[in-house]
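Novice: Sending over a structure as structure tokens; questions will come in a sec.
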Amino acid sequence: MAELILFVLSYLFITFFISMNTAEESIYASLFYGLAGYRVRNSLTSFTLSDSYFSECCMRCLQYQNCYSVNIRGDDRFCEINTLGPSGYGDLVDANGTWTLFIRTYVPHNELMFRATPGVGLSVKDSWLGNIIPPTAQDTCISMKNTSCSTHYRNPRVDIWESLSISQVTLELYQHGSKVAFIAFDGKDSTIENWFNSYRILNSSWSNVTPSTIYNYFSIKGHYECSRSFFVNTHYHNCSVDTGYMVVVDPPTACCPWENVPNKPQFFYSAADGTVTYQSGSTDLGTAEVMAVFVNIS
């Protein structure tokens, strides 16, 4: 009889323990959503965990005010804590099949989705759209300064764009580490191509870049035959008076003398609150050192 009572008590304890673990896992599952095959590079800290590695890793994340996600490698119960950087952009994201990235729900954050580098010989448009795969980005490729980054950084989460809760997309241009121009777009129900459209404009550093302004080009693909992408343009007549707000001069084609620049791609923009003529020598023609795309995920 004593053995039977002990068996029953042991069974009840194990059942209770399992149900407690299941309940705990359910709680944390409601606070995080998983993306298999992704890992945020350069985590704040890491741990080797017990058998309940999912809930323990999530619990560790919640202990940090600025933790927005964790990386978990299930085969050896390894947990990495990811915190938002000083600018709120997080770190580089890699596609890595041995990891699962768990992101906190209901924690709005900005994320760097793309960082284009001038002079690297790779099309910005084709890199963004996934037509070519840039080499693995260095850690310096999340800086908005002109660094030793030698390629374009494309966040692999661009490939699951439509499954992300994107509320806003912002394209930004930087010179000497300072933001010199931007356009913010409504990102709701967007795709990796149609977010860059005049009807989605929310705000801009150029006061006349609005949904009601008339453009002859406003798209990522831009003027394809001339390799002009991320093109916001207002006027064509001849090469000497091509006028607009910004353009990425991609390799290889050039239709006008102002595009015959070495070390493509290059990022031209209006340094005035208005349009600029791209012809060389124009007083208000700026050349950016970095072009970046950020999203707000809610």
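FYI, nothing fancy with the structure tokens labels: chains A, B, ... in order, residues from 1 per chain, ligands from 1 as they appear.
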Which parts of region 25-268 of chain A does DSSP call helix (DSSP H, G or I) when run on the backbone here, written out as number ranges by chain?
Specialist: A: 25-31, 53-62, 124-129, 139-142, 156-163, 198-200, 224-226, 239-241, 257-259
Novice: Taking the DSSP assignment computed from this structure's backbone, write out as a ChimeraX atom specification all residues of region 62-98 of chain A that belong to strand (DSSP E).
Specialist: /A:67-73,78-83,93-98
Novice: As a VMD selection string, please: the residues near Leu101 (chain A) (cut-off 7 Å, only C-alpha atoms, same-chain neighbours under 3 positions excluded).
Specialist: chain A and resid 34 to 36 38 to 39 69 to 72
Novice: Quick one: of A:Phe294, A:His235, A:Trp128, A:Ser143, who's nearest to Ile183 (chain A), counting only C-alpha atoms?
Specialist: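 The closest residue to Ile183 (chain A) is A:Phe294.
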Novice: As a ChimeraX atom specification, please: the residues near Phe185 (chain A) (cut-off 10 Å, only C-alpha atoms, same-chain neighbours under 5 positions excluded).
Specialist: /A:167-171,190,195-204,295
Novice: Might you pull out every residue within 12 Å of region 254-260 of chain A, with only C-alpha atoms counted and same-chain residues fewer than 6 positions away left off, and present them as a PDB file with all heavy atoms, in the first residue's frame?
Specialist:
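After the write, result-v8.pdb holds the following:
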```pdb
ATOM      1  N   HIS A 223      14.475  54.732 -63.607  1.00  0.00           N
ATOM      2  CA  HIS A 223      14.697  54.713 -65.052  1.00  0.00           C
ATOM      3  C   HIS A 223      15.649  53.556 -65.341  1.00  0.00           C
ATOM      4  O   HIS A 223      16.870  53.708 -65.299  1.00  0.00           O
ATOM      5  CB  HIS A 223      15.283  56.051 -65.508  1.00  0.00           C
ATOM      6  CG  HIS A 223      15.291  56.213 -66.998  1.00  0.00           C
ATOM      7  ND1 HIS A 223      15.399  57.439 -67.617  1.00  0.00           N
ATOM      8  CD2 HIS A 223      15.208  55.303 -68.007  1.00  0.00           C
ATOM      9  CE1 HIS A 223      15.396  57.281 -68.925  1.00  0.00           C
ATOM     10  NE2 HIS A 223      15.285  55.982 -69.183  1.00  0.00           N
ATOM     11  N   TYR A 224      15.059  52.409 -65.643  1.00  0.00           N
ATOM     12  CA  TYR A 224      15.810  51.154 -65.727  1.00  0.00           C
ATOM     13  C   TYR A 224      16.896  51.215 -66.790  1.00  0.00           C
ATOM     14  O   TYR A 224      18.024  50.758 -66.562  1.00  0.00           O
ATOM     15  CB  TYR A 224      14.838  50.012 -66.032  1.00  0.00           C
ATOM     16  CG  TYR A 224      15.503  48.676 -66.224  1.00  0.00           C
ATOM     17  CD1 TYR A 224      15.915  47.917 -65.122  1.00  0.00           C
ATOM     18  CD2 TYR A 224      15.738  48.168 -67.503  1.00  0.00           C
ATOM     19  CE1 TYR A 224      16.537  46.688 -65.287  1.00  0.00           C
ATOM     20  CE2 TYR A 224      16.358  46.940 -67.682  1.00  0.00           C
ATOM     21  CZ  TYR A 224      16.755  46.207 -66.576  1.00  0.00           C
ATOM     22  OH  TYR A 224      17.372  45.000 -66.742  1.00  0.00           O
ATOM     23  N   GLU A 225      16.587  51.783 -67.951  1.00  0.00           N
ATOM     24  CA  GLU A 225      17.540  51.784 -69.059  1.00  0.00           C
ATOM     25  C   GLU A 225      18.802  52.593 -68.730  1.00  0.00           C
ATOM     26  O   GLU A 225      19.867  52.371 -69.334  1.00  0.00           O
ATOM     27  CB  GLU A 225      16.888  52.358 -70.323  1.00  0.00           C
ATOM     28  CG  GLU A 225      15.788  51.490 -70.910  1.00  0.00           C
ATOM     29  CD  GLU A 225      14.453  51.640 -70.182  1.00  0.00           C
ATOM     30  OE1 GLU A 225      14.372  52.504 -69.283  1.00  0.00           O
ATOM     31  OE2 GLU A 225      13.513  50.904 -70.521  1.00  0.00           O
ATOM     32  N   CYS A 226      18.679  53.523 -67.798  1.00  0.00           N
ATOM     33  CA  CYS A 226      19.833  54.360 -67.431  1.00  0.00           C
ATOM     34  C   CYS A 226      20.447  53.957 -66.094  1.00  0.00           C
ATOM     35  O   CYS A 226      21.343  54.640 -65.585  1.00  0.00           O
ATOM     36  CB  CYS A 226      19.403  55.827 -67.369  1.00  0.00           C
ATOM     37  SG  CYS A 226      18.849  56.501 -68.949  1.00  0.00           S
ATOM     38  N   SER A 227      19.968  52.859 -65.498  1.00  0.00           N
ATOM     39  CA  SER A 227      20.459  52.378 -64.201  1.00  0.00           C
ATOM     40  C   SER A 227      20.292  53.434 -63.106  1.00  0.00           C
ATOM     41  O   SER A 227      21.143  53.579 -62.228  1.00  0.00           O
ATOM     42  CB  SER A 227      21.934  51.945 -64.298  1.00  0.00           C
ATOM     43  OG  SER A 227      22.088  50.899 -65.221  1.00  0.00           O
ATOM     44  N   ARG A 228      19.171  54.176 -63.154  1.00  0.00           N
ATOM     45  CA  ARG A 228      18.843  55.145 -62.102  1.00  0.00           C
ATOM     46  C   ARG A 228      17.770  54.521 -61.218  1.00  0.00           C
ATOM     47  O   ARG A 228      16.649  54.290 -61.666  1.00  0.00           O
ATOM     48  CB  ARG A 228      18.322  56.447 -62.706  1.00  0.00           C
ATOM     49  CG  ARG A 228      19.292  57.124 -63.648  1.00  0.00           C
ATOM     50  CD  ARG A 228      18.655  58.287 -64.396  1.00  0.00           C
ATOM     51  NE  ARG A 228      19.551  58.806 -65.418  1.00  0.00           N
ATOM     52  CZ  ARG A 228      19.199  59.694 -66.351  1.00  0.00           C
ATOM     53  NH1 ARG A 228      17.959  60.171 -66.369  1.00  0.00           N
ATOM     54  NH2 ARG A 228      20.086  60.115 -67.252  1.00  0.00           N
ATOM     55  N   TYR A 236      12.498  66.096 -66.946  1.00  0.00           N
ATOM     56  CA  TYR A 236      13.434  65.742 -68.009  1.00  0.00           C
ATOM     57  C   TYR A 236      13.239  66.749 -69.146  1.00  0.00           C
ATOM     58  O   TYR A 236      12.117  67.130 -69.465  1.00  0.00           O
ATOM     59  CB  TYR A 236      13.114  64.360 -68.573  1.00  0.00           C
ATOM     60  CG  TYR A 236      13.751  63.180 -67.888  1.00  0.00           C
ATOM     61  CD1 TYR A 236      13.474  61.893 -68.335  1.00  0.00           C
ATOM     62  CD2 TYR A 236      14.617  63.314 -66.817  1.00  0.00           C
ATOM     63  CE1 TYR A 236      14.028  60.782 -67.743  1.00  0.00           C
ATOM     64  CE2 TYR A 236      15.182  62.209 -66.214  1.00  0.00           C
ATOM     65  CZ  TYR A 236      14.882  60.953 -66.676  1.00  0.00           C
ATOM     66  OH  TYR A 236      15.444  59.853 -66.072  1.00  0.00           O
ATOM     67  N   HIS A 237      14.317  67.157 -69.754  1.00  0.00           N
ATOM     68  CA  HIS A 237      14.254  67.881 -71.033  1.00  0.00           C
ATOM     69  C   HIS A 237      15.463  67.487 -71.851  1.00  0.00           C
ATOM     70  O   HIS A 237      15.344  66.941 -72.930  1.00  0.00           O
ATOM     71  CB  HIS A 237      14.193  69.394 -70.828  1.00  0.00           C
ATOM     72  CG  HIS A 237      14.071  70.146 -72.117  1.00  0.00           C
ATOM     73  ND1 HIS A 237      12.988  70.003 -72.965  1.00  0.00           N
ATOM     74  CD2 HIS A 237      14.920  71.030 -72.730  1.00  0.00           C
ATOM     75  CE1 HIS A 237      13.157  70.762 -74.041  1.00  0.00           C
ATOM     76  NE2 HIS A 237      14.317  71.390 -73.919  1.00  0.00           N
ATOM     77  N   ASN A 238      16.632  67.759 -71.303  1.00  0.00           N
ATOM     78  CA  ASN A 238      17.855  67.160 -71.825  1.00  0.00           C
ATOM     79  C   ASN A 238      18.775  66.958 -70.630  1.00  0.00           C
ATOM     80  O   ASN A 238      18.465  67.375 -69.519  1.00  0.00           O
ATOM     81  CB  ASN A 238      18.498  68.002 -72.931  1.00  0.00           C
ATOM     82  CG  ASN A 238      18.841  69.399 -72.453  1.00  0.00           C
ATOM     83  OD1 ASN A 238      19.563  69.557 -71.476  1.00  0.00           O
ATOM     84  ND2 ASN A 238      18.333  70.420 -73.148  1.00  0.00           N
ATOM     85  N   CYS A 239      19.890  66.312 -70.853  1.00  0.00           N
ATOM     86  CA  CYS A 239      20.742  65.900 -69.732  1.00  0.00           C
ATOM     87  C   CYS A 239      21.143  67.057 -68.826  1.00  0.00           C
ATOM     88  O   CYS A 239      21.261  66.897 -67.606  1.00  0.00           O
ATOM     89  CB  CYS A 239      21.999  65.211 -70.256  1.00  0.00           C
ATOM     90  SG  CYS A 239      21.673  63.589 -70.996  1.00  0.00           S
ATOM     91  N   SER A 240      21.327  68.217 -69.396  1.00  0.00           N
ATOM     92  CA  SER A 240      21.840  69.333 -68.614  1.00  0.00           C
ATOM     93  C   SER A 240      20.808  69.914 -67.651  1.00  0.00           C
ATOM     94  O   SER A 240      21.179  70.671 -66.740  1.00  0.00           O
ATOM     95  CB  SER A 240      22.351  70.450 -69.534  1.00  0.00           C
ATOM     96  OG  SER A 240      21.283  70.962 -70.319  1.00  0.00           O
ATOM     97  N   VAL A 241      19.538  69.572 -67.823  1.00  0.00           N
ATOM     98  CA  VAL A 241      18.506  70.114 -66.930  1.00  0.00           C
ATOM     99  C   VAL A 241      17.691  69.018 -66.253  1.00  0.00           C
ATOM    100  O   VAL A 241      16.583  69.266 -65.782  1.00  0.00           O
ATOM    101  CB  VAL A 241      17.569  71.091 -67.678  1.00  0.00           C
ATOM    102  CG1 VAL A 241      18.320  72.334 -68.113  1.00  0.00           C
ATOM    103  CG2 VAL A 241      16.894  70.406 -68.867  1.00  0.00           C
ATOM    104  N   ASP A 242      18.215  67.790 -66.176  1.00  0.00           N
ATOM    105  CA  ASP A 242      17.541  66.724 -65.425  1.00  0.00           C
ATOM    106  C   ASP A 242      17.454  67.169 -63.963  1.00  0.00           C
ATOM    107  O   ASP A 242      18.462  67.485 -63.330  1.00  0.00           O
ATOM    108  CB  ASP A 242      18.318  65.415 -65.524  1.00  0.00           C
ATOM    109  CG  ASP A 242      18.233  64.789 -66.909  1.00  0.00           C
ATOM    110  OD1 ASP A 242      17.420  65.253 -67.715  1.00  0.00           O
ATOM    111  OD2 ASP A 242      18.996  63.842 -67.167  1.00  0.00           O
ATOM    112  N   THR A 243      16.237  67.170 -63.428  1.00  0.00           N
ATOM    113  CA  THR A 243      15.985  67.813 -62.132  1.00  0.00           C
ATOM    114  C   THR A 243      15.181  66.899 -61.225  1.00  0.00           C
ATOM    115  O   THR A 243      14.190  66.301 -61.651  1.00  0.00           O
ATOM    116  CB  THR A 243      15.216  69.134 -62.330  1.00  0.00           C
ATOM    117  OG1 THR A 243      15.963  69.973 -63.219  1.00  0.00           O
ATOM    118  CG2 THR A 243      15.010  69.861 -61.012  1.00  0.00           C
ATOM    119  N   VAL A 247      18.660  60.338 -56.454  1.00  0.00           N
ATOM    120  CA  VAL A 247      18.832  59.251 -57.400  1.00  0.00           C
ATOM    121  C   VAL A 247      20.026  58.410 -56.976  1.00  0.00           C
ATOM    122  O   VAL A 247      21.034  58.944 -56.505  1.00  0.00           O
ATOM    123  CB  VAL A 247      19.028  59.780 -58.850  1.00  0.00           C
ATOM    124  CG1 VAL A 247      20.220  60.707 -58.948  1.00  0.00           C
ATOM    125  CG2 VAL A 247      19.157  58.619 -59.837  1.00  0.00           C
ATOM    126  N   VAL A 248      19.894  57.109 -57.104  1.00  0.00           N
ATOM    127  CA  VAL A 248      21.030  56.202 -56.963  1.00  0.00           C
ATOM    128  C   VAL A 248      21.545  55.905 -58.367  1.00  0.00           C
ATOM    129  O   VAL A 248      20.795  55.396 -59.213  1.00  0.00           O
ATOM    130  CB  VAL A 248      20.623  54.902 -56.248  1.00  0.00           C
ATOM    131  CG1 VAL A 248      21.768  53.890 -56.290  1.00  0.00           C
ATOM    132  CG2 VAL A 248      20.218  55.185 -54.809  1.00  0.00           C
ATOM    133  N   GLN A 266      26.634  55.564 -56.736  1.00  0.00           N
ATOM    134  CA  GLN A 266      26.744  56.829 -56.030  1.00  0.00           C
ATOM    135  C   GLN A 266      25.330  57.323 -55.716  1.00  0.00           C
ATOM    136  O   GLN A 266      24.380  57.004 -56.424  1.00  0.00           O
ATOM    137  CB  GLN A 266      27.495  57.876 -56.854  1.00  0.00           C
ATOM    138  CG  GLN A 266      28.967  57.545 -57.094  1.00  0.00           C
ATOM    139  CD  GLN A 266      29.795  57.587 -55.815  1.00  0.00           C
ATOM    140  OE1 GLN A 266      29.493  58.358 -54.903  1.00  0.00           O
ATOM    141  NE2 GLN A 266      30.835  56.747 -55.751  1.00  0.00           N
ATOM    142  N   PHE A 267      25.228  58.121 -54.653  1.00  0.00           N
ATOM    143  CA  PHE A 267      23.920  58.577 -54.173  1.00  0.00           C
ATOM    144  C   PHE A 267      23.865  60.103 -54.257  1.00  0.00           C
ATOM    145  O   PHE A 267      24.478  60.799 -53.439  1.00  0.00           O
ATOM    146  CB  PHE A 267      23.685  58.134 -52.724  1.00  0.00           C
ATOM    147  CG  PHE A 267      24.108  56.711 -52.430  1.00  0.00           C
ATOM    148  CD1 PHE A 267      24.832  56.411 -51.287  1.00  0.00           C
ATOM    149  CD2 PHE A 267      23.811  55.684 -53.313  1.00  0.00           C
ATOM    150  CE1 PHE A 267      25.237  55.117 -51.015  1.00  0.00           C
ATOM    151  CE2 PHE A 267      24.216  54.381 -53.059  1.00  0.00           C
ATOM    152  CZ  PHE A 267      24.934  54.096 -51.908  1.00  0.00           C
ATOM    153  N   PHE A 268      23.137  60.622 -55.251  1.00  0.00           N
ATOM    154  CA  PHE A 268      22.993  62.064 -55.417  1.00  0.00           C
ATOM    155  C   PHE A 268      21.688  62.511 -54.767  1.00  0.00           C
ATOM    156  O   PHE A 268      20.668  61.819 -54.831  1.00  0.00           O
ATOM    157  CB  PHE A 268      22.976  62.436 -56.905  1.00  0.00           C
ATOM    158  CG  PHE A 268      24.273  62.164 -57.629  1.00  0.00           C
ATOM    159  CD1 PHE A 268      24.285  61.965 -58.998  1.00  0.00           C
ATOM    160  CD2 PHE A 268      25.483  62.120 -56.956  1.00  0.00           C
ATOM    161  CE1 PHE A 268      25.464  61.727 -59.681  1.00  0.00           C
ATOM    162  CE2 PHE A 268      26.678  61.876 -57.622  1.00  0.00           C
ATOM    163  CZ  PHE A 268      26.664  61.679 -58.989  1.00  0.00           C
ATOM    164  N   THR A 277      19.444  70.299 -59.985  1.00  0.00           N
ATOM    165  CA  THR A 277      19.885  69.820 -61.292  1.00  0.00           C
ATOM    166  C   THR A 277      21.122  68.950 -61.078  1.00  0.00           C
ATOM    167  O   THR A 277      22.079  69.366 -60.411  1.00  0.00           O
ATOM    168  CB  THR A 277      20.223  71.000 -62.219  1.00  0.00           C
ATOM    169  OG1 THR A 277      19.059  71.823 -62.362  1.00  0.00           O
ATOM    170  CG2 THR A 277      20.663  70.512 -63.590  1.00  0.00           C
ATOM    171  N   TYR A 278      21.083  67.722 -61.621  1.00  0.00           N
ATOM    172  CA  TYR A 278      22.143  66.756 -61.343  1.00  0.00           C
ATOM    173  C   TYR A 278      23.457  67.067 -62.055  1.00  0.00           C
ATOM    174  O   TYR A 278      24.485  66.476 -61.730  1.00  0.00           O
ATOM    175  CB  TYR A 278      21.694  65.354 -61.745  1.00  0.00           C
ATOM    176  CG  TYR A 278      20.420  64.898 -61.069  1.00  0.00           C
ATOM    177  CD1 TYR A 278      19.269  64.673 -61.822  1.00  0.00           C
ATOM    178  CD2 TYR A 278      20.357  64.701 -59.700  1.00  0.00           C
ATOM    179  CE1 TYR A 278      18.095  64.250 -61.211  1.00  0.00           C
ATOM    180  CE2 TYR A 278      19.198  64.290 -59.081  1.00  0.00           C
ATOM    181  CZ  TYR A 278      18.059  64.069 -59.851  1.00  0.00           C
ATOM    182  OH  TYR A 278      16.898  63.666 -59.242  1.00  0.00           O
ATOM    183  N   GLN A 279      23.416  67.978 -63.016  1.00  0.00           N
ATOM    184  CA  GLN A 279      24.610  68.291 -63.777  1.00  0.00           C
ATOM    185  C   GLN A 279      25.750  68.707 -62.853  1.00  0.00           C
ATOM    186  O   GLN A 279      25.559  69.450 -61.885  1.00  0.00           O
ATOM    187  CB  GLN A 279      24.318  69.425 -64.765  1.00  0.00           C
ATOM    188  CG  GLN A 279      25.436  69.723 -65.743  1.00  0.00           C
ATOM    189  CD  GLN A 279      25.661  68.607 -66.750  1.00  0.00           C
ATOM    190  OE1 GLN A 279      24.749  67.871 -67.095  1.00  0.00           O
ATOM    191  NE2 GLN A 279      26.894  68.458 -67.209  1.00  0.00           N
ATOM    192  N   SER A 280      26.933  68.212 -63.114  1.00  0.00           N
ATOM    193  CA  SER A 280      28.108  68.525 -62.298  1.00  0.00           C
ATOM    194  C   SER A 280      28.305  70.027 -62.191  1.00  0.00           C
ATOM    195  O   SER A 280      28.162  70.764 -63.166  1.00  0.00           O
ATOM    196  CB  SER A 280      29.360  67.881 -62.910  1.00  0.00           C
ATOM    197  OG  SER A 280      30.507  68.220 -62.175  1.00  0.00           O
ATOM    198  N   GLY A 281      28.626  70.490 -60.986  1.00  0.00           N
ATOM    199  CA  GLY A 281      28.823  71.918 -60.744  1.00  0.00           C
ATOM    200  C   GLY A 281      27.622  72.588 -60.135  1.00  0.00           C
ATOM    201  O   GLY A 281      27.708  73.736 -59.696  1.00  0.00           O
ATOM    202  N   SER A 282      26.506  71.894 -60.061  1.00  0.00           N
ATOM    203  CA  SER A 282      25.315  72.467 -59.435  1.00  0.00           C
ATOM    204  C   SER A 282      25.590  72.710 -57.954  1.00  0.00           C
ATOM    205  O   SER A 282      26.058  71.823 -57.236  1.00  0.00           O
ATOM    206  CB  SER A 282      24.127  71.519 -59.604  1.00  0.00           C
ATOM    207  OG  SER A 282      22.998  72.019 -58.932  1.00  0.00           O
ATOM    208  N   LEU A 285      23.907  70.279 -55.301  1.00  0.00           N
ATOM    209  CA  LEU A 285      23.981  68.835 -55.530  1.00  0.00           C
ATOM    210  C   LEU A 285      24.848  68.201 -54.453  1.00  0.00           C
ATOM    211  O   LEU A 285      26.035  68.522 -54.311  1.00  0.00           O
ATOM    212  CB  LEU A 285      24.569  68.540 -56.910  1.00  0.00           C
ATOM    213  CG  LEU A 285      24.700  67.054 -57.267  1.00  0.00           C
ATOM    214  CD1 LEU A 285      23.330  66.372 -57.320  1.00  0.00           C
ATOM    215  CD2 LEU A 285      25.426  66.877 -58.600  1.00  0.00           C
TER     216      LEU A 285
END
```
Novice: Could you list, as a PyMOL selection string, every residue within 9 Å of region 154-166 of chain A, counting only C-alpha atoms and ignoring same-chain residues fewer than 6 positions away?
Specialist: chain A and resi 38+92-95+112-116+127-130+133-134+137+186-192+295-298
Novice: Store the residues of this selection in a file with N, CA, C and O atoms, as a compact mmCIF listing (two decimals), in the first residue's frame.
Specialist:
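After the write, part03.txt holds the following:
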```txt
# COMPACT_ATOMS: atom_id res chain seq x y z
N TYR A 38 17.03 32.38 -38.30
CA TYR A 38 17.57 33.74 -38.22
C TYR A 38 18.31 33.92 -36.89
O TYR A 38 17.94 33.33 -35.88
N LEU A 92 23.18 43.55 -36.74
CA LEU A 92 23.07 42.82 -38.00
C LEU A 92 22.29 41.51 -37.80
O LEU A 92 22.44 40.85 -36.77
N VAL A 93 21.51 41.14 -38.78
CA VAL A 93 20.77 39.88 -38.76
C VAL A 93 21.34 38.97 -39.84
O VAL A 93 21.55 39.39 -40.97
N ASP A 94 21.60 37.71 -39.48
CA ASP A 94 22.11 36.72 -40.42
C ASP A 94 21.07 35.62 -40.63
O ASP A 94 20.28 35.32 -39.72
N ALA A 95 21.08 35.02 -41.81
CA ALA A 95 20.33 33.79 -42.03
C ALA A 95 21.19 32.64 -41.55
O ALA A 95 22.31 32.46 -42.02
N LEU A 112 17.13 48.17 -38.88
CA LEU A 112 17.85 48.45 -40.11
C LEU A 112 17.64 47.29 -41.08
O LEU A 112 18.04 46.16 -40.81
N MET A 113 17.03 47.56 -42.22
CA MET A 113 16.76 46.52 -43.21
C MET A 113 17.77 46.54 -44.37
O MET A 113 17.96 45.52 -45.04
N PHE A 114 18.39 47.69 -44.56
CA PHE A 114 19.30 47.80 -45.71
C PHE A 114 20.24 48.97 -45.47
O PHE A 114 19.84 50.02 -44.96
N ARG A 115 21.51 48.77 -45.82
CA ARG A 115 22.50 49.84 -45.75
C ARG A 115 23.35 49.74 -47.00
O ARG A 115 24.11 48.78 -47.19
N ALA A 116 23.22 50.74 -47.90
CA ALA A 116 23.92 50.73 -49.17
C ALA A 116 25.21 51.52 -49.05
O ALA A 116 25.26 52.58 -48.42
N SER A 127 20.42 44.51 -55.31
CA SER A 127 20.71 43.99 -53.97
C SER A 127 19.48 44.07 -53.10
O SER A 127 19.16 43.13 -52.37
N TRP A 128 18.76 45.20 -53.15
CA TRP A 128 17.55 45.36 -52.34
C TRP A 128 16.48 44.34 -52.74
O TRP A 128 15.86 43.71 -51.88
N LEU A 129 16.25 44.18 -54.03
CA LEU A 129 15.18 43.30 -54.51
C LEU A 129 15.56 41.83 -54.42
O LEU A 129 14.72 40.96 -54.67
N GLY A 130 16.79 41.51 -54.07
CA GLY A 130 17.21 40.12 -53.93
C GLY A 130 17.62 39.48 -55.23
O GLY A 130 17.78 38.25 -55.29
N ILE A 133 22.92 38.63 -54.43
CA ILE A 133 23.18 38.48 -53.00
C ILE A 133 24.53 39.09 -52.68
O ILE A 133 25.57 38.58 -53.13
N PRO A 134 24.57 40.20 -51.94
CA PRO A 134 25.85 40.81 -51.59
C PRO A 134 26.67 39.88 -50.70
O PRO A 134 26.13 39.00 -50.02
N ALA A 137 28.12 40.91 -44.81
CA ALA A 137 28.45 42.25 -44.34
C ALA A 137 29.35 42.19 -43.11
O ALA A 137 29.20 41.32 -42.25
N ASP A 186 4.32 55.28 -45.34
CA ASP A 186 3.39 54.36 -44.67
C ASP A 186 3.74 52.94 -45.11
O ASP A 186 3.68 52.61 -46.29
N GLY A 187 4.12 52.10 -44.15
CA GLY A 187 4.56 50.75 -44.49
C GLY A 187 3.49 49.68 -44.37
O GLY A 187 3.75 48.51 -44.65
N LYS A 188 2.28 50.06 -43.94
CA LYS A 188 1.23 49.06 -43.74
C LYS A 188 0.86 48.38 -45.05
O LYS A 188 0.65 49.04 -46.07
N ASP A 189 0.80 47.05 -45.02
CA ASP A 189 0.40 46.25 -46.19
C ASP A 189 1.26 46.54 -47.41
O ASP A 189 0.80 46.48 -48.55
N SER A 190 2.54 46.83 -47.18
CA SER A 190 3.43 47.13 -48.29
C SER A 190 4.22 45.89 -48.70
O SER A 190 4.23 44.87 -48.00
N THR A 191 4.88 46.00 -49.84
CA THR A 191 5.80 44.97 -50.31
C THR A 191 7.20 45.58 -50.35
O THR A 191 7.38 46.79 -50.12
N ILE A 192 8.21 44.77 -50.68
CA ILE A 192 9.57 45.30 -50.70
C ILE A 192 9.78 46.29 -51.83
O ILE A 192 10.81 46.97 -51.87
N VAL A 295 12.81 50.24 -40.82
CA VAL A 295 11.38 50.01 -40.66
C VAL A 295 11.01 50.12 -39.17
O VAL A 295 11.84 49.83 -38.29
N ASN A 296 9.81 50.56 -38.93
CA ASN A 296 9.25 50.54 -37.59
C ASN A 296 8.33 49.33 -37.51
O ASN A 296 7.38 49.21 -38.27
N ILE A 297 8.63 48.39 -36.58
CA ILE A 297 7.86 47.18 -36.43
C ILE A 297 7.10 47.27 -35.11
O ILE A 297 7.70 47.50 -34.07
N SER A 298 5.79 47.11 -35.19
CA SER A 298 4.98 47.23 -33.98
C SER A 298 4.28 45.93 -33.67
O SER A 298 4.24 45.02 -34.48
```
Novice: For each of A:Ser207, A:Val290, A:Ser123, A:Thr151, take the minimum atom-to-atom distance to Lys179 (chain A), counting only C-alpha atoms, then give the residue where this is smallest.
Specialist: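 Residue with the minimum atom-to-atom distance to Lys179 (chain A): A:Val290.
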Novice: Name the closest residue to Pro265 (chain A) among the candidates A:Ile220, A:Cys57, A:Val40, A:Val120; distances are taken between atoms, counting only C-alpha atoms.
Specialist: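 Residue with the minimum atom-to-atom distance to Pro265 (chain A): A:Val120.
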